[in-house]
Amino acid sequence: MAADEPLVLGIETSCDETGVGIVHGTTLLADAIASSVDTHARFGGVVPEIASRAHLEAMVPTIERALKTAGVSPKDLDGIAVTAGPGLAGALLVGVSAAKAYAYALGKPLYGVNHLASHICVDQLEHGKLPEPTMALLVSGGHSSLLLSADITSDVRPMGATIDDAAGEAFDKIARVLDLGFPGGPVIDRLAREGDPAAIAFPRGLSGSKDPAYDFSFSGLKTAVARWIEAKRAAGEDVPVRDVAASFQEAVVDVLTRKAVRACKDEGVDHLMIGGGVAANSRLRALAQERCERAGIRLRVPRPGLCTDNGAMVAALGSEMVARNRAASDLELSADSSLPVTDPHVPGAHAHTHDHDHVHEVSKENLYS
């Protein structure tokens, strides 16, 4: 590690995991996480109020654990980065408030950063500096996005996004229909390995010649799978869970990878980065690798632990902010639950809170359905 590389602590609280990471340049020193997912599991989704309280309880111990793991003192830090959005408003406010308090008490610069841009930047911790430009496919419970990153600290352009359910949200909902629990992604991935991906011809959303080239839709797929399962049950037949899981998963990853590779070709970009929680899916990784190799595109996917929400990704982007001399945020920084990815960095006091529409939150309807 070079002595002049920035040492940055990152705080991530956009959803149900309290993440604190410490990065020296592009070297990860600590990645501490306190998750409240087990608390939310019985509701079938994330309950925002529960997530916020869990962040409050976990914040200081998680920061202390990260500092101890990294073997650094708070006074040695060159900056503190925090997710300013998008995410759950209450959860974001806990992280932003903590970051501001530490920055003020320690006299360190504060960097409010974008959650999605952080998911792209985290790959630097494993595979080195990102080429510019890089195409990024981000897939999680709250987002399915194609982004073109020319400068991870200042120039991220949306190419396409989900128009309804995100990919991870669809995994969770189908897992509920199959009584597989929450979160649904890991268990569907596991069962799909024992199933036939060609057993059931589930639809591929927005794949027609006249459909948007880079946008995604998984609501129709979710409905088709649910109705197929209901029809089997109504007829008194056993549901082939493994084949359903494999066929559903194949429909999702087929669309994701096909559109990502198309975007790379259309934009003349020879690097594709895949991030977000669904990037841990084994079939998504395998199919993306196949299609990228055929197209002459280099695929970059972080290890599964860096794909899900974590503080390391926030620290990684904060480190880039320091290294590129980006202006620090001021102490009036707030949280913006709808912060656009075109704002990778929030230098001033212009952010504000909104209701967040794209995170899988539990409602009365799905509590009792």
# chains A, B, ... in the order shown; residues from 1 in each chain; ligands from 1
>>> residues_around(residues="A:Ile229", least_positions_apart="3", cutoff="10 Å", atoms="only C-alpha atoms", output="ChimeraX atom specification")
/A:174,177-178,223-226,232-234,237-241,244
>>> select_by_dssp(residues="stretch 13-257 of chain A", states="strand (DSSP E)", output="JSON, numbers by chain")
{"A": [17, 18, 19, 20, 21, 22, 23, 24, 27, 28, 29, 30, 31, 32, 33, 34, 35, 79, 80, 81, 82, 83, 84, 85, 110, 111, 112, 113, 114, 134, 135, 136, 137, 138, 139, 144, 145, 146, 147, 148, 149, 150, 151, 155, 156, 157, 158, 159, 160, 161]}
>>> closest_residue(among="A:Leu138, A:Val278, A:Val322, A:Val314", to="A:Leu28", atoms="only C-alpha atoms")
A:Val314
>>> atom_distance(atom1="atom CA of A:Ser35", atom2="atom CA of A:Ala58")
8.8 Å
>>> atom_distance(atom1="atom CA of A:Thr13", atom2="atom CA of A:Gln124")
20.9 Å
>>> closest_residue(among="A:Ala246, A:Val82, A:Met135, A:Arg285", to="A:Lys265", atoms="only C-alpha atoms")
A:Met135
>>> atom_distance(atom1="atom CA of A:Ala54", atom2="atom CA of A:Ala316")
24.1 Å
>>> residues_around(residues="A:His119", least_positions_apart="4", cutoff="9 Å", atoms="only C-alpha atoms", output="list in words")
Asn114, His115, Asp123, Leu138, Ile274, Gly275, Gly276, Leu306, Cys307, Thr308, Asp309, Asn310, Met313, Val314 and Leu317 of chain A
>>> residues_around(residues="A:Tyr104", least_positions_apart="6", cutoff="12 Å", atoms="only C-alpha atoms", output="PDB file with C-alpha atoms, in the first residue's frame")
ATOM      1  CA  LYS A  75      -7.576  10.113  13.753  1.00  0.00           C
ATOM      2  CA  GLY A  79     -12.288  11.005   5.139  1.00  0.00           C
ATOM      3  CA  ILE A  80     -15.657   9.501   6.001  1.00  0.00           C
ATOM      4  CA  SER A  97     -26.354  11.342  10.914  1.00  0.00           C
ATOM      5  CA  ALA A  98     -23.663   9.008  12.214  1.00  0.00           C
ATOM      6  CA  LEU A 110     -17.436  14.089   4.750  1.00  0.00           C
ATOM      7  CA  SER A 329     -19.976  17.391   1.343  1.00  0.00           C
ATOM      8  CA  ASP A 330     -20.964  19.974   3.909  1.00  0.00           C
ATOM      9  CA  LEU A 331     -22.437  19.160   7.299  1.00  0.00           C
ATOM     10  CA  GLU A 332     -25.921  20.082   6.087  1.00  0.00           C
TER      11      GLU A 332
END
>>> residues_around(residues="stretch 147-158 of chain A", least_positions_apart="6", cutoff="9 Å", atoms="only C-alpha atoms", output="list in words")
Val113, Ala117, Ser118, Ile120, Cys121, Leu130, Pro131, Glu132, Pro133, Thr134, Met135, Ala136, Leu137, Leu138, Glu267, Val269, Leu317, Gly318, Glu320, Met321, Arg324, Arg326, Val341, Thr342, Asp343, Pro344 and His345 of chain A
